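Engineer: The structure's right below; bear with me while I get my questions together.
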Amino acid sequence: MLHDDTGRTLFEKSRPGQRGTGEIEWDIPRKGLDSLVPAKLRRKKAPRLPELSEGEVVRHYTVLSNKNHNIDKGFYPLGSCTMKYNPKVNESLARLSGFSTLHPLQPADTIQGALELMWRLEHMLAEISGMDSVSLQPAAGAHGELTALLVVRAYHLSRGEDRRKVLIPDAAHGTNPASAAIAGFECVTVKSAQDGRVDVEDLKSKLDSDVAAFMITNPNTVGLFETRVEEICAACHAVGAQVYMDGANLNALVGIARPGDLGFDVMHYNLHKTFSTPHGGGGPGCGPIGVKSHLAAFLPSPRVRNSDGKFTLEKPSTSIGPVHGAFGNFLVMVRAYAYILAMGPEGLARVGRNAVLNANYLHAKIKDSMACKYEGPYMHEFVLDGSPLKALGLHTSDFAKRLMDYGVYAPTIYFPLIVPEAMMIEPTETESRETLDRFAEIFLEVLRQCREETETVHSAPHNLPLKRVDDVKAAKDLVLTHPFE
Amino acid sequence: MSHRYIPLTSGEEKEMLQAVGVERFEDLIQAIPSHLRLSRPLDVPPALSEMALSREVRRLAQKNKGLTELVSFLGMGWTKHFIPAAVDTVVSRSEFTTAYTPYQPEASQGSLQQIFEYQTMVAEIAGCEISNASLYDGATALVEGLIMASACTKGRKGFAIASSLNPRYREVAQTYASSNAWSFHDVAWTADEGQLDRKSLESTLAANAGKIAALVIQTPNTFGMVEDLEGLAETCKAAGAVLLVVNDPLASILVDPPGAFGADIVVGEMLGLGISTSLGGPALGYLATWKKHLRQMPGRVVGRTLDADGKRAYCLTAQTREQHIRREKATSNICSNQGLMTVVASVYLALQGPKGLEEVAEQCATRLAHVREGLAKAGIRPLFAGTPIQEQAFRLPAGSRARVESACRTAGLLPGVWLADHLPKVPAETLLVCTSETHSKQDLDLLIATLSSAGGQA
């Protein structure tokens, strides 16, 4: 391939003296750098940035982009990540100059449309989740978790209680304990029961007046709804603890049930999962939090207020303060707002419904070949137990790599930790039955190969830009920047 | 009822329920107690066609007065620069936009190599050895820097903070302070040049001996002045602390970067370098440091390796610092970062190269000098003498603010940031003016004329 110069960086293609932008005109007299910056301060050694023409830069990135799997190109069944279709109109609307040229320190009377959009989106998210108030400021899900825990902390402190502990199920996302630690709490693990749900008795035994919050993902990370949610919330509330819902799996509940009605006090949303904004290869996301009224006074500042259609910004003295330099990832909010408007009540009702149906349909097609550790029906995703592969000398990672040879991305693997050789599959509501049927066929074919052509699977992938990547060497040698010499 | 984003027809839904072995959808959600289910449609506006939806969102966009309608000199951490068309062309590609975090390297080499190149560019600009794969924004990058500095100093919780730090950053850091048991100790600025007061630093370090994790200093500082970082790393080291610098990447094209002075951690904001201001988000926080501090570094990082055929390859690495493995002992809770914004910044930096960037910085500094000279004729002086790059604080006459604001409103001008609104220690009429290559001579002269007539002494 002419342009597929495997792994060759911009820096190796660079040639001194070239550039991809033209010289800017001078309509005022040029003074020269020597008169602007004293010699003592001047940079001695220029940064070794690439020097290339515009066309070379565009081709470099275009060739690179073709080495990415992406949702527009094919199925992306990454459990817990909700890789749904990203509507194109949202992209063009987020690029409107009336949004993209705004400065965060502009006077409120010059950003009325932006403030109105945020105010409306806050209220829509509150309605969808049954919460009373929403802050859009956190920039990603983990940022939302941390912000929510700071809100919970401020709430307890306002009541004269310096509670030290946060309870977290063993099946939780790693961000939960990491966020709790940064929010200054001690993490206590709650066990999962035989059925894959929270062990409510274990939870109760760990609840006391030093517990600030219980963080729980619902549906949980094995795709099951926490049936005893009312009992869980009541037990927590009995000792004054707040119940936090990790909203990573909110897609399963949209239009079916609302976290606020289930008894949760606080939650976060992932606009880049449930509300269709693109993942961008790892961000930008947006991780708003929703709270019941007793926590609202503590939400991050500034808050958007609406008095008869005039929008203002307010910094309540009870707020925990800002958690982002500006308002958060505003253009992601624009996309989510457009998504909710496009869906309407009937469309949103089909989000949860079809996400659940697709997951159970796909599960039904493969369940006789590979089982889940826990029994369904499942909500939006299911987690297969890949341990039978071990008898064939294979691992879940081998299976995942081979799947990718067929133009689909691998499921989430080795998570949650309570399922051995876990393979977590989430199809989302935006996949067609044909895609699910075809994926099931591929899945069964790879499983056949595991038995009959073990080496093919063991050495996969074979049809991707690269063969198996050596991540052990990467961690051992640690080449984290281009070595220029 | 069909919906354009949802492929299943009602006929297919029925057949699929049969295939699952249930009669009704409700059989699949038996785990949800029926009294907890939503029994009514959500109270959100009725679904809109793409045409009506566009109309509604455009209505909101048009209610704003963007920087295309107003002549703006607002900065303080968010700067506006020209964005070449090729940037948006590349970043609009679905292959970048609709990919997930590159967990499976064989199907994600595009994002991985791009991040590796981004890391290299950031390390080069900051003058350090390594960089992570991105943080949310400049302010949260500072917070991550504080956590990291504490870890680098065996858990010290005190921070000597230059009072000339961006007040927004300071405010965000404050939000995270009490839960981390951090204490912040202000270090004064010098009265004549607005630079870090070394005597104040020494007394702060002495008064908190053994407790200070880092000196936190911003360059150029909030008054726009380049800080002379000479010797600070040594002072910090002698006190057992690290040097944490909040750094404007564009300024460090012209002046020696923090890494050249031995700064341990360099953080900052990349918005402006290909990234539109967008009400301040999505922005792009960066963090650069040294290999010796890798184990304390927050966030993802991409490394170079080989595939089974010996071809060059890239993958996420050094993950034993991260939340999905270390859980409560992770260096940070960050998971999703600002991935796509690193594509934007990388394409911009690759197009500009060192020469293009230097020229943009020179344009900014020259245009700022033009404003400075114009204002001087009306007796309006900078708050401090020193070396600014793209922004500078000016002191307008006492009592002139209302007059100036009114004149600017009439002229369609946002003249800058009134610094006292954010930093109470500065005089009430201090205006922070940010210039860029996008300001024409006409824009600059409009600012000079408006400020001179409403706030000048002439």
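So you can find residues: chains in the structure tokens are A, B, ... in the order shown, residues in each start at 1, and ligands are numbered from 1 in order.
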Which residues, written as a tab-separated table (two decimals) with all heavy atoms, in the first residue's frame, have at least one atom at most 12 Å from region 359-362 of chain B, with only C-alpha atoms counted and residues fewer than 6 positions away on the same chain left out?

Structural biologist:
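Output below, filename result_11.tsv:
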```tsv
chain	number	residue	atom	x	y	z
A	19	ARG	N	5.64	24.12	5.91
A	19	ARG	CA	4.54	24.36	6.86
A	19	ARG	C	3.20	24.25	6.14
A	19	ARG	O	3.13	24.36	4.92
A	19	ARG	CB	4.68	25.72	7.56
A	19	ARG	CG	4.65	26.92	6.63
A	19	ARG	CD	4.96	28.19	7.38
A	19	ARG	NE	3.75	28.73	8.01
A	19	ARG	CZ	3.71	29.95	8.55
A	19	ARG	NH1	4.77	30.71	8.59
A	19	ARG	NH2	2.59	30.39	9.07
A	21	THR	N	0.46	26.15	6.90
A	21	THR	CA	-0.33	27.38	6.95
A	21	THR	C	0.46	28.47	6.26
A	21	THR	O	1.69	28.42	6.21
A	21	THR	CB	-0.61	27.83	8.41
A	21	THR	OG1	0.64	27.96	9.09
A	21	THR	CG2	-1.49	26.84	9.15
A	22	GLY	N	-0.26	29.46	5.76
A	22	GLY	CA	0.42	30.57	5.09
A	22	GLY	C	0.78	31.67	6.07
A	22	GLY	O	0.26	31.72	7.19
A	23	GLU	N	1.68	32.54	5.65
A	23	GLU	CA	2.06	33.66	6.51
A	23	GLU	C	0.89	34.62	6.65
A	23	GLU	O	0.19	34.91	5.69
A	23	GLU	CB	3.26	34.37	5.88
A	23	GLU	CG	4.08	35.13	6.90
A	23	GLU	CD	5.34	35.70	6.28
A	23	GLU	OE1	6.02	34.98	5.52
A	23	GLU	OE2	5.62	36.88	6.55
A	24	ILE	N	0.66	35.09	7.86
A	24	ILE	CA	-0.46	36.00	8.11
A	24	ILE	C	-0.05	37.42	7.72
A	24	ILE	O	1.07	37.83	7.95
A	24	ILE	CB	-0.84	35.98	9.61
A	24	ILE	CG1	-1.06	34.53	10.09
A	24	ILE	CG2	-2.09	36.81	9.87
A	24	ILE	CD1	-1.08	34.39	11.60
A	25	GLU	N	-0.99	38.14	7.12
A	25	GLU	CA	-0.71	39.51	6.67
A	25	GLU	C	-0.46	40.43	7.87
A	25	GLU	O	-0.99	40.20	8.96
A	25	GLU	CB	-1.89	40.07	5.86
A	25	GLU	CG	-2.17	39.34	4.56
A	25	GLU	CD	-2.87	38.00	4.74
A	25	GLU	OE1	-3.32	37.69	5.88
A	25	GLU	OE2	-2.96	37.24	3.76
A	26	TRP	N	0.31	41.47	7.61
A	26	TRP	CA	0.57	42.49	8.64
A	26	TRP	C	-0.13	43.78	8.22
A	26	TRP	O	0.23	44.38	7.23
A	26	TRP	CB	2.07	42.73	8.79
A	26	TRP	CG	2.77	41.59	9.47
A	26	TRP	CD1	3.39	40.54	8.87
A	26	TRP	CD2	2.89	41.39	10.87
A	26	TRP	NE1	3.89	39.68	9.83
A	26	TRP	CE2	3.60	40.18	11.06
A	26	TRP	CE3	2.45	42.10	12.00
A	26	TRP	CZ2	3.90	39.66	12.33
A	26	TRP	CZ3	2.76	41.59	13.26
A	26	TRP	CH2	3.47	40.38	13.41
A	29	PRO	N	2.53	47.81	11.84
A	29	PRO	CA	3.97	47.62	11.67
A	29	PRO	C	4.49	46.44	12.50
A	29	PRO	O	4.09	46.25	13.64
A	29	PRO	CB	4.56	48.93	12.20
A	29	PRO	CG	3.44	49.90	12.23
A	29	PRO	CD	2.18	49.12	12.41
A	30	ARG	N	5.35	45.66	11.85
A	30	ARG	CA	5.95	44.53	12.55
A	30	ARG	C	7.12	45.06	13.39
A	30	ARG	O	7.89	45.89	12.93
A	30	ARG	CB	6.47	43.55	11.49
A	30	ARG	CG	6.76	42.17	12.03
A	30	ARG	CD	7.01	41.20	10.88
A	30	ARG	NE	7.28	39.87	11.40
A	30	ARG	CZ	7.41	38.79	10.63
A	30	ARG	NH1	7.29	38.90	9.32
A	30	ARG	NH2	7.67	37.63	11.18
A	31	LYS	N	7.21	44.59	14.62
A	31	LYS	CA	8.25	45.10	15.50
A	31	LYS	C	9.43	44.14	15.61
A	31	LYS	O	10.54	44.53	15.95
A	31	LYS	CB	7.69	45.35	16.90
A	31	LYS	CG	6.62	46.42	16.95
A	31	LYS	CD	5.96	46.44	18.33
A	31	LYS	CE	4.82	47.43	18.39
A	31	LYS	NZ	5.25	48.83	18.12
A	32	GLY	N	9.15	42.90	15.36
A	32	GLY	CA	10.20	41.89	15.49
A	32	GLY	C	10.24	41.33	16.91
A	32	GLY	O	9.99	42.04	17.88
A	33	LEU	N	10.52	40.05	17.01
A	33	LEU	CA	10.49	39.39	18.31
A	33	LEU	C	11.52	39.95	19.28
A	33	LEU	O	11.29	39.97	20.48
A	33	LEU	CB	10.71	37.88	18.12
A	33	LEU	CG	9.49	37.13	17.58
A	33	LEU	CD1	9.84	35.68	17.29
A	33	LEU	CD2	8.33	37.20	18.58
A	34	ASP	N	12.65	40.43	18.75
A	34	ASP	CA	13.69	40.93	19.64
A	34	ASP	C	13.22	42.11	20.47
A	34	ASP	O	13.65	42.29	21.60
A	34	ASP	CB	14.94	41.32	18.83
A	34	ASP	CG	15.62	40.09	18.24
A	34	ASP	OD1	15.31	38.98	18.74
A	34	ASP	OD2	16.40	40.22	17.29
A	35	SER	N	12.32	42.90	19.90
A	35	SER	CA	11.83	44.04	20.67
A	35	SER	C	10.65	43.65	21.57
A	35	SER	O	10.27	44.40	22.46
A	35	SER	CB	11.43	45.17	19.73
A	35	SER	OG	10.16	44.91	19.18
A	36	LEU	N	10.05	42.50	21.32
A	36	LEU	CA	8.87	42.10	22.09
A	36	LEU	C	9.23	41.25	23.30
A	36	LEU	O	8.57	41.30	24.33
A	36	LEU	CB	7.88	41.32	21.20
A	36	LEU	CG	7.23	42.13	20.07
A	36	LEU	CD1	6.55	41.19	19.07
A	36	LEU	CD2	6.20	43.11	20.63
A	37	VAL	N	10.24	40.40	23.12
A	37	VAL	CA	10.61	39.48	24.20
A	37	VAL	C	12.11	39.61	24.47
A	37	VAL	O	12.92	39.41	23.57
A	37	VAL	CB	10.29	38.01	23.82
A	37	VAL	CG1	10.63	37.07	24.96
A	37	VAL	CG2	8.83	37.86	23.42
B	79	THR	N	-8.52	31.59	24.88
B	79	THR	CA	-8.12	32.54	23.84
B	79	THR	C	-8.64	32.08	22.48
B	79	THR	O	-8.78	30.89	22.21
B	79	THR	CB	-6.59	32.64	23.78
B	79	THR	OG1	-6.05	31.33	23.60
B	79	THR	CG2	-6.03	33.23	25.05
B	80	LYS	N	-8.91	33.08	21.65
B	80	LYS	CA	-9.46	32.79	20.33
B	80	LYS	C	-8.36	32.95	19.28
B	80	LYS	O	-7.67	33.98	19.27
B	80	LYS	CB	-10.59	33.76	20.05
B	80	LYS	CG	-11.25	33.54	18.70
B	80	LYS	CD	-12.05	34.76	18.29
B	80	LYS	CE	-12.54	34.62	16.85
B	80	LYS	NZ	-13.07	35.87	16.33
B	81	HIS	N	-8.17	31.95	18.45
B	81	HIS	CA	-7.24	32.07	17.33
B	81	HIS	C	-7.92	31.57	16.07
B	81	HIS	O	-8.91	30.85	16.13
B	81	HIS	CB	-5.96	31.27	17.61
B	81	HIS	CG	-5.18	31.81	18.77
B	81	HIS	ND1	-4.42	32.95	18.69
B	81	HIS	CD2	-5.09	31.39	20.06
B	81	HIS	CE1	-3.89	33.20	19.88
B	81	HIS	NE2	-4.27	32.27	20.73
B	82	PHE	N	-7.32	31.93	14.93
B	82	PHE	CA	-7.87	31.47	13.66
B	82	PHE	C	-7.71	29.94	13.55
B	82	PHE	O	-6.69	29.39	13.98
B	82	PHE	CB	-7.17	32.15	12.48
B	82	PHE	CG	-7.69	31.67	11.16
B	82	PHE	CD1	-8.92	32.11	10.70
B	82	PHE	CD2	-6.96	30.76	10.40
B	82	PHE	CE1	-9.42	31.64	9.49
B	82	PHE	CE2	-7.46	30.29	9.20
B	82	PHE	CZ	-8.69	30.73	8.74
B	83	ILE	N	-8.73	29.28	12.98
B	83	ILE	CA	-8.69	27.83	12.84
B	83	ILE	C	-8.71	27.46	11.36
B	83	ILE	O	-9.71	27.70	10.67
B	83	ILE	CB	-9.89	27.17	13.57
B	83	ILE	CG1	-9.88	27.59	15.06
B	83	ILE	CG2	-9.85	25.65	13.42
B	83	ILE	CD1	-11.13	27.18	15.82
B	248	ASP	N	0.87	28.61	29.52
B	248	ASP	CA	0.20	28.87	28.25
B	248	ASP	C	1.07	28.30	27.12
B	248	ASP	O	2.19	28.77	26.91
B	248	ASP	CB	0.01	30.38	28.08
B	248	ASP	CG	-0.53	30.73	26.70
B	248	ASP	OD1	-0.89	29.81	25.93
B	248	ASP	OD2	-0.58	31.94	26.38
B	249	PRO	N	0.57	27.30	26.41
B	249	PRO	CA	1.42	26.64	25.41
B	249	PRO	C	1.87	27.58	24.29
B	249	PRO	O	2.98	27.44	23.79
B	249	PRO	CB	0.54	25.52	24.85
B	249	PRO	CG	-0.86	25.84	25.26
B	249	PRO	CD	-0.76	26.68	26.50
B	250	LEU	N	1.03	28.55	23.93
B	250	LEU	CA	1.43	29.45	22.84
B	250	LEU	C	2.59	30.35	23.29
B	250	LEU	O	3.55	30.56	22.54
B	250	LEU	CB	0.25	30.30	22.37
B	250	LEU	CG	0.56	31.17	21.15
B	250	LEU	CD1	0.91	30.31	19.93
B	250	LEU	CD2	-0.60	32.10	20.82
B	251	ALA	N	2.51	30.83	24.53
B	251	ALA	CA	3.58	31.70	25.03
B	251	ALA	C	4.91	30.94	25.05
B	251	ALA	O	5.96	31.50	24.75
B	251	ALA	CB	3.24	32.19	26.43
B	252	SER	N	4.84	29.64	25.36
B	252	SER	CA	6.12	28.92	25.47
B	252	SER	C	6.71	28.54	24.12
B	252	SER	O	7.71	27.85	24.05
B	252	SER	CB	6.00	27.71	26.41
B	252	SER	OG	5.00	26.86	25.98
B	253	ILE	N	6.10	29.03	23.04
B	253	ILE	CA	6.78	28.96	21.74
B	253	ILE	C	7.84	30.07	21.69
B	253	ILE	O	8.90	29.91	21.11
B	253	ILE	CB	5.77	29.14	20.57
B	253	ILE	CG1	4.69	28.07	20.63
B	253	ILE	CG2	6.48	29.13	19.23
B	253	ILE	CD1	5.17	26.65	20.54
B	254	LEU	N	7.52	31.19	22.33
B	254	LEU	CA	8.44	32.34	22.30
B	254	LEU	C	9.43	32.35	23.46
B	254	LEU	O	10.56	32.79	23.31
B	254	LEU	CB	7.65	33.66	22.30
B	254	LEU	CG	6.75	33.94	21.11
B	254	LEU	CD1	6.21	35.37	21.19
B	254	LEU	CD2	7.49	33.74	19.79
B	255	VAL	N	8.96	31.92	24.64
B	255	VAL	CA	9.85	31.98	25.81
B	255	VAL	C	10.22	30.57	26.25
B	255	VAL	O	9.53	29.60	25.91
B	255	VAL	CB	9.19	32.75	26.99
B	255	VAL	CG1	8.78	34.14	26.55
B	255	VAL	CG2	8.01	31.98	27.55
B	272	GLY	N	-7.97	27.08	21.96
B	272	GLY	CA	-7.39	28.18	21.21
B	272	GLY	C	-6.49	27.64	20.11
B	272	GLY	O	-6.44	28.19	19.01
B	273	LEU	N	-5.78	26.56	20.38
B	273	LEU	CA	-4.91	25.97	19.38
B	273	LEU	C	-5.72	24.98	18.54
B	273	LEU	O	-5.68	23.77	18.75
B	273	LEU	CB	-3.71	25.30	20.05
B	273	LEU	CG	-2.87	26.24	20.92
B	273	LEU	CD1	-1.67	25.53	21.52
B	273	LEU	CD2	-2.42	27.47	20.13
B	348	TYR	N	-3.94	21.03	14.27
B	348	TYR	CA	-3.57	22.45	14.26
B	348	TYR	C	-2.06	22.61	14.41
B	348	TYR	O	-1.42	23.34	13.64
B	348	TYR	CB	-4.30	23.18	15.39
B	348	TYR	CG	-3.95	24.65	15.49
B	348	TYR	CD1	-4.59	25.59	14.69
B	348	TYR	CD2	-2.98	25.09	16.39
B	348	TYR	CE1	-4.26	26.94	14.77
B	348	TYR	CE2	-2.65	26.44	16.48
B	348	TYR	CZ	-3.29	27.36	15.67
B	348	TYR	OH	-2.96	28.69	15.75
B	349	LEU	N	-1.49	21.93	15.40
B	349	LEU	CA	-0.05	22.07	15.66
B	349	LEU	C	0.76	21.54	14.48
B	349	LEU	O	1.80	22.11	14.12
B	349	LEU	CB	0.33	21.34	16.95
B	349	LEU	CG	-0.25	21.94	18.24
B	349	LEU	CD1	-0.01	21.02	19.43
B	349	LEU	CD2	0.35	23.33	18.50
B	352	GLN	N	0.58	24.16	11.66
B	352	GLN	CA	1.37	25.36	11.96
B	352	GLN	C	2.85	25.06	11.98
B	352	GLN	O	3.65	25.85	11.45
B	352	GLN	CB	0.95	25.95	13.31
B	352	GLN	CG	-0.45	26.55	13.35
B	352	GLN	CD	-0.55	27.87	12.61
B	352	GLN	OE1	0.29	28.20	11.78
B	352	GLN	NE2	-1.60	28.63	12.91
B	353	GLY	N	3.22	23.97	12.61
B	353	GLY	CA	4.63	23.71	12.81
B	353	GLY	C	5.24	24.79	13.68
B	353	GLY	O	4.55	25.74	14.08
B	368	LEU	N	-0.81	43.33	20.73
B	368	LEU	CA	-0.93	43.81	22.12
B	368	LEU	C	-0.08	45.07	22.30
B	368	LEU	O	-0.52	46.04	22.94
B	368	LEU	CB	-0.47	42.71	23.07
B	368	LEU	CG	-0.68	42.95	24.57
B	368	LEU	CD1	-2.14	43.26	24.88
B	368	LEU	CD2	-0.23	41.72	25.36
B	369	ALA	N	1.11	45.09	21.69
B	369	ALA	CA	1.98	46.27	21.79
B	369	ALA	C	1.32	47.48	21.13
B	369	ALA	O	1.41	48.60	21.63
B	369	ALA	CB	3.34	45.98	21.15
B	388	PRO	N	4.59	40.72	28.29
B	388	PRO	CA	3.35	39.99	27.99
B	388	PRO	C	3.46	39.32	26.62
B	388	PRO	O	4.29	39.71	25.80
B	388	PRO	CB	2.32	41.10	27.96
B	388	PRO	CG	3.07	42.29	27.45
B	388	PRO	CD	4.52	42.11	27.82
B	389	ILE	N	2.65	38.33	26.38
B	389	ILE	CA	2.61	37.69	25.06
B	389	ILE	C	1.27	37.98	24.39
B	389	ILE	O	1.21	38.69	23.40
B	389	ILE	CB	2.83	36.16	25.13
B	389	ILE	CG1	4.16	35.84	25.83
B	389	ILE	CG2	2.80	35.54	23.72
B	389	ILE	CD1	5.42	36.30	25.11
B	390	GLN	N	0.19	37.41	24.91
B	390	GLN	CA	-1.09	37.67	24.24
B	390	GLN	C	-2.12	38.37	25.12
B	390	GLN	O	-3.20	38.69	24.65
B	390	GLN	CB	-1.67	36.40	23.62
B	390	GLN	CG	-1.78	35.20	24.55
B	390	GLN	CD	-2.37	33.99	23.85
B	390	GLN	OE1	-3.00	34.10	22.81
B	390	GLN	NE2	-2.17	32.81	24.42
B	391	GLU	N	-1.79	38.62	26.38
B	391	GLU	CA	-2.73	39.44	27.15
B	391	GLU	C	-2.00	40.26	28.19
B	391	GLU	O	-0.87	39.95	28.57
B	391	GLU	CB	-3.87	38.61	27.73
B	391	GLU	CG	-3.62	37.67	28.83
B	391	GLU	CD	-4.86	36.82	29.19
B	391	GLU	OE1	-6.01	37.27	29.02
B	391	GLU	OE2	-4.63	35.71	29.66
B	435	THR	N	-5.30	39.94	23.08
B	435	THR	CA	-5.29	40.18	21.63
B	435	THR	C	-4.87	38.92	20.89
B	435	THR	O	-4.20	38.06	21.46
B	435	THR	CB	-4.28	41.29	21.26
B	435	THR	OG1	-3.02	40.92	21.80
B	435	THR	CG2	-4.72	42.64	21.78
B	436	SER	N	-5.26	38.82	19.63
B	436	SER	CA	-4.79	37.69	18.83
B	436	SER	C	-4.63	38.12	17.39
B	436	SER	O	-4.98	39.25	17.02
B	436	SER	CB	-5.74	36.50	18.93
B	436	SER	OG	-6.78	36.62	17.99
B	437	GLU	N	-4.13	37.19	16.57
B	437	GLU	CA	-3.94	37.48	15.15
B	437	GLU	C	-5.26	37.74	14.46
B	437	GLU	O	-5.28	38.29	13.35
B	437	GLU	CB	-3.17	36.32	14.48
B	437	GLU	CG	-4.01	35.06	14.13
B	437	GLU	CD	-4.34	34.18	15.33
B	437	GLU	OE1	-4.11	34.58	16.48
B	437	GLU	OE2	-4.85	33.05	15.11
B	438	THR	N	-6.38	37.37	15.10
B	438	THR	CA	-7.69	37.56	14.47
B	438	THR	C	-8.17	39.01	14.57
B	438	THR	O	-9.14	39.39	13.92
B	438	THR	CB	-8.76	36.65	15.11
B	438	THR	OG1	-8.90	37.01	16.49
B	438	THR	CG2	-8.39	35.19	15.00
B	439	HIS	N	-7.54	39.81	15.41
B	439	HIS	CA	-7.94	41.21	15.53
B	439	HIS	C	-7.29	42.03	14.41
B	439	HIS	O	-6.07	42.04	14.29
B	439	HIS	CB	-7.50	41.78	16.88
B	439	HIS	CG	-8.25	41.20	18.05
B	439	HIS	ND1	-7.64	40.47	19.04
B	439	HIS	CD2	-9.56	41.23	18.36
B	439	HIS	CE1	-8.54	40.09	19.92
B	439	HIS	NE2	-9.72	40.52	19.53
```

Engineer: Just the residues within 8 Å of region 397-400 of chain A, please, counting only C-alpha atoms, with nothing from its chain fewer than 6 positions along; format it as an MDAnalysis selection string.

Structural biologist: chainID A and resid 410:411 413 446:447 450 457:460

Engineer: How would you write, as JSON, numbers by chain, the set of residues in region 224-311 of chain A that DSSP gives as helix (DSSP H, G or I)?

Structural biologist: {"A": [229, 230, 231, 232, 233, 234, 235, 236, 237, 238, 247, 248, 249, 250, 251, 252, 259, 260, 261, 262, 293, 294, 295, 296, 297, 298]}

Engineer: Tell me which of A:Val323, A:Leu121, A:Leu78, A:Leu157 sits closest to chain B, counting only C-alpha atoms.

Structural biologist: A:Val323

Engineer: Would you work out the distance separating CA of Val20 (chain B) from CA of Ala371 (chain A), expressed in Å to one decimal?

Structural biologist: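 The value is 15.1 Å.
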
Engineer: Find the residues around Val302 (chain B) up to 10 Å (only C-alpha atoms counted), leave out those fewer than 5 positions away in its own chain, and share them as JSON, numbers by chain.

Structural biologist: {"A": [474, 475, 478, 479, 480, 481], "B": [102, 111, 112, 113, 114, 115, 116, 117, 118, 119, 131, 132, 133, 314, 315, 316, 317, 318, 319]}

Engineer: If we count only C-alpha atoms and set the cut-off at 9 Å, which residues sit around Val44 (chain B), ignoring sequence neighbours fewer than 2 positions away in its own chain? Please answer as a PyMOL selection string.

Structural biologist: (chain A and resi 124+127-128+340-341+344-345) or (chain B and resi 41-42+46-47)

Engineer: With N, CA, C and O atoms retained, could you export that selection as a short mmCIF file (atom, residue, chain, number, x, y, z; two decimals), in the first residue's frame?

Structural biologist:
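Done, and the output landed in out31.cif:
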```
data_model
loop_
_atom_site.label_atom_id
_atom_site.label_comp_id
_atom_site.auth_asym_id
_atom_site.auth_seq_id
_atom_site.Cartn_x
_atom_site.Cartn_y
_atom_site.Cartn_z
N MET A 124 -35.02 18.67 31.18
CA MET A 124 -35.34 17.43 30.47
C MET A 124 -34.67 16.23 31.15
O MET A 124 -35.29 15.18 31.33
N GLU A 127 -36.53 15.34 34.26
CA GLU A 127 -37.78 14.61 33.97
C GLU A 127 -37.49 13.16 33.60
O GLU A 127 -38.16 12.24 34.06
N ILE A 128 -36.48 12.95 32.79
CA ILE A 128 -36.17 11.59 32.33
C ILE A 128 -35.75 10.69 33.49
O ILE A 128 -36.04 9.51 33.51
N ILE A 340 -32.60 14.73 22.38
CA ILE A 340 -33.86 14.57 23.13
C ILE A 340 -35.02 15.17 22.33
O ILE A 340 -36.10 14.58 22.27
N LEU A 341 -34.76 16.31 21.68
CA LEU A 341 -35.82 16.90 20.85
C LEU A 341 -36.19 16.00 19.68
O LEU A 341 -37.35 15.93 19.28
N GLY A 344 -38.36 12.79 21.39
CA GLY A 344 -39.69 12.98 21.94
C GLY A 344 -40.04 11.86 22.91
O GLY A 344 -39.26 10.91 23.08
N PRO A 345 -41.22 11.95 23.56
CA PRO A 345 -41.59 10.93 24.56
C PRO A 345 -41.68 9.51 23.97
O PRO A 345 -41.19 8.56 24.59
N PRO B 41 -46.12 8.59 29.67
CA PRO B 41 -45.04 9.03 28.78
C PRO B 41 -44.20 10.10 29.48
O PRO B 41 -44.72 10.85 30.31
N LEU B 42 -42.93 10.18 29.15
CA LEU B 42 -42.07 11.22 29.71
C LEU B 42 -42.58 12.59 29.27
O LEU B 42 -43.02 12.75 28.12
N PRO B 46 -42.77 17.03 22.21
CA PRO B 46 -43.00 16.02 21.17
C PRO B 46 -41.83 15.95 20.20
O PRO B 46 -41.14 16.94 19.99
N ALA B 47 -41.62 14.76 19.63
CA ALA B 47 -40.49 14.56 18.72
C ALA B 47 -40.54 15.56 17.56
O ALA B 47 -41.62 15.85 17.03
#
```

Engineer: For the atom pair CA of Val211 (chain A) and CA of Pro177 (chain A), what is the interatomic distance in Å to one decimal place?

Structural biologist: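 Spanning CA of Val211 (chain A) to CA of Pro177 (chain A) is a straight-line distance of 14.1 Å.
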
Engineer: Running DSSP on the backbone, which parts of region 290-404 of chain A land in strand (DSSP E or B), as a list of chain:residue names?

Structural biologist: A:Gly290, A:Val291, A:Arg303, A:Val304, A:Arg305, A:Asn306, A:Ser307, A:Lys310, A:Phe311, A:Thr312, A:Leu313, A:Glu314, A:Cys372, A:Phe382, A:Val383, A:Leu384, A:Asp385

Engineer: Can you tell me which residues surround Val334 (chain A) at a distance of at most 12 Å, considering only C-alpha atoms, apart from same-chain residues fewer than 2 positions away, and format the answer as a ChimeraX atom specification?

Structural biologist: /A:89-96,98-100,113-122,136,271-272,275-277,286,328-332,336-341 /B:53-54,56-58,60-61,278-279,281-282
